[in-house]
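Text of entry27.csv, listed as CSV, C-alpha atoms:
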chain,number,residue,atom,x,y,z
C,1,MET,CA,-49.3,-34.8,42.0
C,2,GLU,CA,-52.7,-36.4,42.7
C,3,PRO,CA,-55.8,-34.4,42.0
C,4,SER,CA,-57.1,-34.5,45.5
C,5,GLY,CA,-56.2,-35.8,48.9
C,6,GLY,CA,-52.9,-37.3,47.9
C,7,ARG,CA,-49.4,-36.2,47.6
C,8,ILE,CA,-48.9,-32.6,46.4
C,9,GLY,CA,-46.0,-31.3,44.4
C,10,PRO,CA,-43.2,-33.2,42.8
C,11,SER,CA,-42.1,-36.5,44.3
C,12,THR,CA,-38.6,-36.8,45.7
C,13,GLU,CA,-37.7,-38.6,42.4
C,14,SER,CA,-38.9,-35.8,40.2
C,15,SER,CA,-36.5,-33.3,38.8
C,16,THR,CA,-36.3,-29.6,39.0
C,17,SER,CA,-36.5,-28.0,35.6
C,18,GLY,CA,-35.9,-24.5,34.3
C,19,ARG,CA,-39.1,-24.7,32.4
C,20,ILE,CA,-42.2,-22.5,32.9
C,21,LEU,CA,-45.4,-24.4,33.3
C,22,VAL,CA,-48.3,-22.6,31.6
C,23,VAL,CA,-51.8,-23.6,32.4
C,24,ASP,CA,-54.7,-22.4,30.4
C,25,ASP,CA,-57.7,-24.1,28.9
C,26,HIS,CA,-58.1,-21.6,26.1
C,27,GLU,CA,-56.1,-22.9,23.2
C,28,LEU,CA,-55.1,-19.5,21.7
C,29,ASN,CA,-54.2,-18.0,25.1
C,30,LEU,CA,-52.0,-21.0,25.8
C,31,LYS,CA,-50.3,-20.7,22.4
C,32,LEU,CA,-49.9,-16.9,22.9
C,33,LEU,CA,-48.3,-17.4,26.4
C,34,GLU,CA,-46.0,-20.1,25.0
C,35,CYS,CA,-44.9,-17.9,22.2
C,36,LEU,CA,-44.3,-14.9,24.5
C,37,LEU,CA,-42.2,-17.0,26.9
C,38,GLU,CA,-40.3,-18.7,24.1
C,39,LEU,CA,-39.5,-15.3,22.6
C,40,GLU,CA,-37.9,-14.4,25.9
C,41,GLY,CA,-35.8,-17.5,25.7
C,42,HIS,CA,-37.7,-19.7,28.2
C,43,GLU,CA,-38.6,-23.3,27.8
C,44,VAL,CA,-42.3,-24.0,28.3
C,45,ARG,CA,-44.5,-26.9,29.3
C,46,ALA,CA,-48.1,-26.4,28.5
C,47,ALA,CA,-51.1,-27.8,30.3
C,48,ASP,CA,-54.7,-27.2,29.3
C,49,SER,CA,-56.4,-28.3,32.6
C,50,LEU,CA,-55.8,-28.5,36.3
C,51,ALA,CA,-55.4,-32.3,35.9
C,52,ALA,CA,-52.7,-31.9,33.2
C,53,ALA,CA,-50.9,-29.3,35.4
C,54,GLU,CA,-51.0,-31.7,38.3
C,55,ARG,CA,-49.5,-34.4,36.2
C,56,ALA,CA,-46.7,-32.1,35.0
C,57,LEU,CA,-46.0,-31.0,38.6
C,58,ALA,CA,-45.7,-34.7,39.6
C,59,GLU,CA,-43.0,-35.1,37.0
C,60,GLU,CA,-40.9,-32.0,37.5
C,61,GLN,CA,-40.7,-28.8,39.5
C,62,PRO,CA,-41.0,-25.9,37.1
C,63,ALA,CA,-39.1,-22.6,37.5
C,64,MET,CA,-42.4,-20.8,37.5
C,65,ILE,CA,-46.1,-21.3,36.9
C,66,VAL,CA,-48.3,-19.1,34.8
C,67,LEU,CA,-51.8,-20.1,35.8
C,68,ASP,CA,-55.2,-19.4,34.5
C,69,VAL,CA,-57.7,-19.2,37.4
C,70,ASN,CA,-60.9,-20.4,35.8
C,71,LEU,CA,-60.4,-23.9,34.5
C,72,PRO,CA,-63.0,-26.4,33.5
C,73,ASP,CA,-61.9,-29.0,36.0
C,74,GLY,CA,-61.3,-26.7,38.9
C,75,ASN,CA,-60.0,-23.4,40.2
C,76,GLY,CA,-56.4,-22.4,39.8
C,77,LEU,CA,-56.4,-20.7,43.1
C,78,GLU,CA,-57.0,-24.0,44.9
C,79,LEU,CA,-53.9,-25.4,43.2
C,80,THR,CA,-52.0,-22.3,44.3
C,81,ARG,CA,-53.0,-22.8,47.9
C,82,LYS,CA,-51.9,-26.4,47.8
C,83,LEU,CA,-48.5,-25.6,46.3
C,84,LYS,CA,-47.8,-22.7,48.6
C,85,SER,CA,-48.6,-24.7,51.7
C,86,HIS,CA,-46.2,-27.5,50.7
C,87,PRO,CA,-42.5,-26.9,51.5
C,88,VAL,CA,-41.2,-28.5,48.3
C,89,THR,CA,-43.3,-26.3,46.1
C,90,ALA,CA,-43.9,-23.1,48.1
C,91,SER,CA,-41.0,-21.3,46.5
C,92,ILE,CA,-42.2,-21.7,42.9
C,93,PRO,CA,-43.3,-18.3,41.7
C,94,ILE,CA,-46.9,-18.4,40.5
C,95,VAL,CA,-48.3,-15.7,38.1
C,96,ALA,CA,-52.1,-15.7,38.0
C,97,CYS,CA,-53.5,-14.8,34.5
C,98,THR,CA,-57.2,-14.3,34.4
C,99,ALA,CA,-60.2,-12.9,32.6
C,100,GLY,CA,-62.4,-12.5,35.6
C,101,VAL,CA,-65.7,-10.7,35.8
C,102,THR,CA,-65.7,-9.6,39.4
C,103,GLY,CA,-63.0,-6.9,39.5
C,104,ASP,CA,-61.7,-8.6,42.6
C,105,ASP,CA,-59.6,-11.1,40.8
C,106,GLU,CA,-56.2,-9.6,41.6
C,107,HIS,CA,-57.0,-9.4,45.3
C,108,GLN,CA,-58.2,-13.0,45.4
C,109,ALA,CA,-55.2,-14.3,43.4
C,110,LEU,CA,-52.7,-12.6,45.7
C,111,GLU,CA,-54.6,-13.7,48.8
C,112,ALA,CA,-54.4,-17.3,47.6
C,113,GLY,CA,-50.6,-17.0,47.4
C,114,CYS,CA,-49.9,-16.0,43.8
C,115,ASP,CA,-46.8,-13.9,43.5
C,116,ALA,CA,-48.1,-11.7,40.7
C,117,TYR,CA,-51.3,-11.1,38.7
C,118,VAL,CA,-51.7,-10.4,35.0
C,119,SER,CA,-55.2,-9.7,33.6
C,120,LYS,CA,-56.4,-10.7,30.2
C,121,PRO,CA,-56.1,-9.5,27.6
C,122,ILE,CA,-52.4,-9.9,28.1
C,123,ASP,CA,-50.4,-6.8,27.7
C,124,LEU,CA,-47.5,-8.2,25.8
C,125,ARG,CA,-44.9,-5.8,27.1
C,126,ARG,CA,-46.1,-5.8,30.7
C,127,PHE,CA,-46.2,-9.6,30.7
C,128,ALA,CA,-42.5,-9.9,29.7
C,129,THR,CA,-41.6,-7.4,32.5
C,130,VAL,CA,-43.6,-9.4,35.1
C,131,ILE,CA,-42.0,-12.7,34.1
C,132,ALA,CA,-38.5,-11.2,34.2
C,133,SER,CA,-39.1,-9.7,37.6
C,134,MET,CA,-40.3,-13.0,39.0
C,135,LEU,CA,-37.3,-14.9,37.7
C,136,GLY,CA,-34.9,-12.2,38.6
Y,1,MET,CA,-60.2,-0.7,14.5
Y,2,THR,CA,-63.6,-1.8,13.3
Y,3,SER,CA,-66.6,-1.0,15.4
Y,4,TYR,CA,-66.6,-4.6,16.6
Y,5,PHE,CA,-63.0,-5.5,17.2
Y,6,ASP,CA,-59.4,-4.2,17.1
Y,7,LEU,CA,-57.5,-5.1,13.9
Y,8,GLU,CA,-54.3,-3.8,15.3
Y,9,ARG,CA,-54.6,-6.3,18.1
Y,10,ILE,CA,-55.0,-9.1,15.6
Y,11,ALA,CA,-51.9,-7.9,13.8
Y,12,GLU,CA,-50.0,-7.9,17.0
Y,13,LEU,CA,-51.0,-11.4,17.9
Y,14,GLN,CA,-50.1,-12.7,14.4
Y,15,ASP,CA,-46.7,-11.1,14.8
Y,16,VAL,CA,-46.0,-12.7,18.3
Y,17,MET,CA,-47.5,-16.1,17.4
Y,18,ARG,CA,-45.8,-16.1,13.9
Y,19,ALA,CA,-49.2,-17.1,12.5
Y,20,GLN,CA,-50.3,-17.0,8.9
Y,21,PRO,CA,-52.5,-14.0,8.0
Y,22,GLY,CA,-56.1,-15.0,8.7
Y,23,ALA,CA,-55.2,-18.0,10.8
Y,24,ILE,CA,-55.9,-16.4,14.1
Y,25,VAL,CA,-59.2,-14.9,12.9
Y,26,ALA,CA,-60.3,-18.2,11.5
Y,27,SER,CA,-59.4,-20.0,14.8
Y,28,MET,CA,-61.2,-17.4,16.8
Y,29,LEU,CA,-64.3,-17.6,14.6
Y,30,ARG,CA,-64.4,-21.3,15.1
Y,31,ASN,CA,-63.9,-21.1,18.8
Y,32,MET,CA,-66.4,-18.4,19.3
Y,33,THR,CA,-69.1,-19.9,17.1
Y,34,ALA,CA,-68.7,-23.2,19.0
Y,35,ALA,CA,-68.8,-21.4,22.4
Y,36,ILE,CA,-71.9,-19.4,21.6
Y,37,ASP,CA,-73.6,-22.5,20.2
Y,38,GLU,CA,-72.7,-24.1,23.6
Y,39,VAL,CA,-74.2,-21.1,25.4
Y,40,GLU,CA,-77.4,-21.5,23.5
Y,41,ALA,CA,-77.5,-25.3,24.1
Y,42,ALA,CA,-76.8,-24.7,27.8
Y,43,PHE,CA,-79.7,-22.3,28.1
Y,44,ALA,CA,-82.0,-24.7,26.3
Y,45,ALA,CA,-81.0,-27.3,28.8
Y,46,GLY,CA,-81.4,-24.9,31.7
Y,47,ASP,CA,-77.7,-25.5,32.7
Y,48,LEU,CA,-76.4,-22.1,33.8
Y,49,ASP,CA,-73.0,-23.6,35.0
Y,50,ARG,CA,-72.4,-24.9,31.5
Y,51,ALA,CA,-73.3,-21.5,30.1
Y,52,THR,CA,-70.8,-19.9,32.4
Y,53,GLN,CA,-68.0,-22.0,31.1
Y,54,ALA,CA,-68.9,-21.4,27.5
Y,55,ALA,CA,-69.3,-17.7,28.0
Y,56,HIS,CA,-66.0,-17.5,29.8
Y,57,LEU,CA,-64.1,-19.3,27.0
Y,58,CYS,CA,-65.7,-17.0,24.5
Y,59,ARG,CA,-64.7,-14.0,26.6
Y,60,ASN,CA,-61.1,-15.0,26.3
Y,61,ASP,CA,-61.4,-14.7,22.5
Y,62,ALA,CA,-63.3,-11.4,22.8
Y,63,LEU,CA,-60.6,-10.0,25.1
Y,64,MET,CA,-57.9,-11.1,22.7
Y,65,LEU,CA,-59.6,-9.4,19.8
Y,66,GLY,CA,-60.5,-6.2,21.6
Y,67,ALA,CA,-64.1,-7.0,20.7
Y,68,LYS,CA,-65.7,-4.6,23.1
Y,69,PRO,CA,-69.4,-4.9,22.3
Y,70,LEU,CA,-69.1,-8.7,22.3
Y,71,LEU,CA,-67.0,-8.6,25.5
Y,72,ASP,CA,-69.6,-6.5,27.3
Y,73,ALA,CA,-72.4,-8.8,26.3
Y,74,LEU,CA,-70.4,-11.9,27.4
Y,75,THR,CA,-69.3,-10.3,30.7
Y,76,ALA,CA,-72.9,-9.5,31.6
Y,77,LEU,CA,-73.9,-13.0,30.7
Y,78,GLU,CA,-71.1,-14.7,32.6
Y,79,ALA,CA,-71.7,-12.5,35.7
Y,80,ALA,CA,-75.5,-13.4,35.6
Y,81,THR,CA,-75.0,-17.1,35.1
Y,82,ARG,CA,-72.3,-17.3,37.8
Y,83,ASP,CA,-74.9,-15.7,40.1
Y,84,HIS,CA,-77.5,-18.2,38.9
Y,85,ASP,CA,-79.8,-15.2,38.1
Y,86,GLU,CA,-81.8,-16.7,35.3
Y,87,SER,CA,-83.8,-13.5,34.6
Y,88,ARG,CA,-80.7,-11.4,34.2
Y,89,ALA,CA,-79.0,-14.2,32.3
Y,90,ARG,CA,-81.8,-14.3,29.7
Y,91,GLU,CA,-81.6,-10.6,29.3
Y,92,ALA,CA,-77.9,-10.8,28.8
Y,93,LEU,CA,-78.4,-13.6,26.3
Y,94,GLU,CA,-80.5,-11.3,24.2
Y,95,GLY,CA,-77.7,-8.8,24.3
Y,96,LEU,CA,-75.3,-11.5,23.0
Y,97,ARG,CA,-77.7,-12.5,20.3
Y,98,ALA,CA,-77.8,-8.9,19.1
Y,99,VAL,CA,-74.1,-8.3,19.0
Y,100,TRP,CA,-72.7,-11.7,17.9
Y,101,PRO,CA,-73.9,-11.8,14.2
Y,102,PRO,CA,-72.4,-8.4,13.1
Y,103,THR,CA,-69.2,-9.3,15.0
Y,104,ARG,CA,-69.0,-12.7,13.3
Y,105,GLU,CA,-69.7,-11.1,9.9
Y,106,GLN,CA,-67.0,-8.5,10.3
Y,107,LEU,CA,-64.5,-11.1,11.5
Y,108,ALA,CA,-65.3,-13.3,8.5
Y,109,GLU,CA,-64.7,-10.3,6.3
Y,110,ALA,CA,-61.4,-9.5,8.0
Y,111,GLY,CA,-60.4,-13.2,7.5
Y,112,ARG,CA,-61.1,-13.0,3.8
Y,113,ALA,CA,-59.2,-9.8,3.4
Y,114,ALA,CA,-56.1,-11.1,5.3
This entry written out as structure tokens:
Amino acid sequence: MEPSGGRIGPSTESSTSGRILVVDDHELNLKLLECLLELEGHEVRAADSLAAAERALAEEQPAMIVLDVNLPDGNGLELTRKLKSHPVTASIPIVACTAGVTGDDEHQALEAGCDAYVSKPIDLRRFATVIASMLG
Amino acid sequence: MTSYFDLERIAELQDVMRAQPGAIVASMLRNMTAAIDEVEAAFAAGDLDRATQAAHLCRNDALMLGAKPLLDALTALEAATRDHDESRAREALEGLRAVWPPTREQLAEAGRAA
């Protein structure tokens, strides 16, 4: 996927994977999310920026995306809108995972098209439940 | 729980992340020190957007640690810098300067004890 203006979502040549794409610029959060998902038996692909997420999406379509909203190179909700408006990627479940300050983050995430919202700090048990329900 | 962060939370993270005792605290100390230095540098340069990003990164650590006083100071700072309210941001920076040194010291102590 190109960062702006170009093709969005995986190309027709890209594969569909069972992996979960986790996008977070905070190293420890990224590691924590990876560990939590791997403990639940999922394969994970990690991206630490919007650009890295876009590169991953161009290569393969993940089973789900766990997406930080506030990223240094852009807003995760913009990526959500793009993916949800594209027929190839609209069905990928997206879980927003944020440490917002406004108190309106859940509403904004759901309005942008996210399928679920998890606030930081991550409640370890609740997170597993949300992921299972999204993949169920 | 110390007055500045939640030791149980650290133990929980260590367990999930299969990390060596002290490794998570050491990593957070490095990250937060760098982020707060970046906040100070951003203020010195008059760049509130840069301060927002640094404060936001540090808030992630504070949230993970259950470091409530630090989290409150960073939340106030991030909200003010996002609004480009320099006066409120400078006030919030003073709050951060008050709470960060004791938090850092208690974290360093927890790291040594791990």
Residues near stretch 15-30 of chain Y, anyone? I mean within 12 Å using only C-alpha atoms, not counting same-chain ones fewer than 2 positions away, as a count of residues only.
57
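Take atom CA of C:Glu43 and atom CA of C:Ile20: the distance between them is 6.3 Å.
With only C-alpha atoms taken into account, every residue lying no more than 9 Å from the file point (-78.2, -15.5, 26.2) is included here: Ile36, Val39, Glu40, Phe43, Ala51, Ala73, Leu74, Leu77, Ala89, Arg90, Glu91, Ala92, Leu93, Glu94, Gly95, Leu96 and Arg97 of chain Y.
Shortest separation to chain C among Y:Gln14, Y:Thr75, Y:Ser87, Y:Thr81 occurs at residue Y:Thr75, atoms counted being only C-alpha atoms.
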Near stretch 101-120 of chain C, 9 Å: stretch 70-111 of chain Y residue rows, closest pairs, all atoms listed in the file, as JSON lines:
{"residue": "Y:Thr75", "atom": "CA", "partner": "C:Val101", "partner_atom": "CA", "distance": 6.3}
{"residue": "Y:Ala76", "atom": "CA", "partner": "C:Val101", "partner_atom": "CA", "distance": 8.4}
{"residue": "Y:Glu78", "atom": "CA", "partner": "C:Val101", "partner_atom": "CA", "distance": 7.4}
{"residue": "Y:Ala79", "atom": "CA", "partner": "C:Val101", "partner_atom": "CA", "distance": 6.3}
Rank nothing, just name the residue among C:Ala47, C:Arg81, C:Gly100, C:Pro93 nearest to Y:Thr52, using only C-alpha atoms.
C:Gly100
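Between chain C and the candidates Y:Asp83, Y:Leu71, Y:Gln53, Y:Ala98, the tightest atom-to-atom separation, counting all atoms listed in the file, involves Y:Gln53.
Of note, atom CA of C:Leu79 and atom CA of Y:Asp85 are spaced 28.3 Å apart.
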What gap, in Å, lies between atom CA of C:Lys82 and atom CA of Y:His84?
28.3 Å
Leaving out C:Ser49 and any residue of its chain fewer than 6 positions from it, which residues lie within 10 Å of it when counting only C-alpha atoms, given as a PDB file with C-alpha atoms, in the frame of the given file?
ATOM      1  CA  VAL C  22     -48.300 -22.600  31.600  1.00  0.00           C
ATOM      2  CA  VAL C  23     -51.800 -23.600  32.400  1.00  0.00           C
ATOM      3  CA  ASP C  24     -54.700 -22.400  30.400  1.00  0.00           C
ATOM      4  CA  ASP C  25     -57.700 -24.100  28.900  1.00  0.00           C
ATOM      5  CA  HIS C  26     -58.100 -21.600  26.100  1.00  0.00           C
ATOM      6  CA  ARG C  55     -49.500 -34.400  36.200  1.00  0.00           C
ATOM      7  CA  LEU C  67     -51.800 -20.100  35.800  1.00  0.00           C
ATOM      8  CA  ASP C  68     -55.200 -19.400  34.500  1.00  0.00           C
ATOM      9  CA  ASN C  70     -60.900 -20.400  35.800  1.00  0.00           C
ATOM     10  CA  LEU C  71     -60.400 -23.900  34.500  1.00  0.00           C
ATOM     11  CA  PRO C  72     -63.000 -26.400  33.500  1.00  0.00           C
ATOM     12  CA  ASP C  73     -61.900 -29.000  36.000  1.00  0.00           C
ATOM     13  CA  GLY C  74     -61.300 -26.700  38.900  1.00  0.00           C
ATOM     14  CA  ASN C  75     -60.000 -23.400  40.200  1.00  0.00           C
ATOM     15  CA  GLY C  76     -56.400 -22.400  39.800  1.00  0.00           C
TER      16      GLY C  76
END
Can you spit out stretch 113-129 of chain C with N, CA and C atoms, as a short mmCIF file (atom, residue, chain, number, x, y, z; two decimals), in the first residue's frame, from the structure just given?
data_model
loop_
_atom_site.label_atom_id
_atom_site.label_comp_id
_atom_site.auth_asym_id
_atom_site.auth_seq_id
_atom_site.Cartn_x
_atom_site.Cartn_y
_atom_site.Cartn_z
N GLY C 113 -14.50 3.60 11.88
CA GLY C 113 -14.69 2.28 11.29
C GLY C 113 -14.02 1.14 12.04
N CYS C 114 -13.35 1.48 13.15
CA CYS C 114 -12.75 0.39 13.95
C CYS C 114 -13.86 -0.51 14.48
N ASP C 115 -13.53 -1.78 14.61
CA ASP C 115 -14.53 -2.75 15.05
C ASP C 115 -14.57 -2.87 16.57
N ALA C 116 -13.49 -2.49 17.21
CA ALA C 116 -13.45 -2.54 18.68
C ALA C 116 -12.41 -1.53 19.16
N TYR C 117 -12.48 -1.26 20.43
CA TYR C 117 -11.60 -0.26 21.02
C TYR C 117 -11.05 -0.80 22.34
N VAL C 118 -9.75 -0.67 22.51
CA VAL C 118 -9.12 -1.06 23.78
C VAL C 118 -8.27 0.11 24.25
N SER C 119 -8.53 0.56 25.47
CA SER C 119 -7.75 1.69 25.96
C SER C 119 -6.48 1.19 26.65
N LYS C 120 -5.47 2.05 26.65
CA LYS C 120 -4.24 1.76 27.38
C LYS C 120 -4.36 2.38 28.77
N PRO C 121 -3.84 1.78 29.82
CA PRO C 121 -3.05 0.56 29.77
C PRO C 121 -3.91 -0.64 29.42
N ILE C 122 -3.31 -1.57 28.73
CA ILE C 122 -4.06 -2.73 28.26
C ILE C 122 -4.42 -3.64 29.43
N ASP C 123 -5.71 -3.88 29.54
CA ASP C 123 -6.19 -4.85 30.52
C ASP C 123 -5.94 -6.23 29.88
N LEU C 124 -5.00 -6.97 30.44
CA LEU C 124 -4.51 -8.18 29.78
C LEU C 124 -5.62 -9.20 29.52
N ARG C 125 -6.52 -9.35 30.49
CA ARG C 125 -7.59 -10.33 30.32
C ARG C 125 -8.63 -9.85 29.31
N ARG C 126 -8.98 -8.58 29.43
CA ARG C 126 -10.01 -8.04 28.52
C ARG C 126 -9.50 -8.06 27.07
N PHE C 127 -8.23 -7.78 26.91
CA PHE C 127 -7.66 -7.75 25.56
C PHE C 127 -7.84 -9.11 24.88
N ALA C 128 -7.53 -10.17 25.60
CA ALA C 128 -7.66 -11.52 25.02
C ALA C 128 -9.12 -11.79 24.64
N THR C 129 -10.04 -11.33 25.46
CA THR C 129 -11.46 -11.54 25.18
C THR C 129 -11.88 -10.79 23.92
#
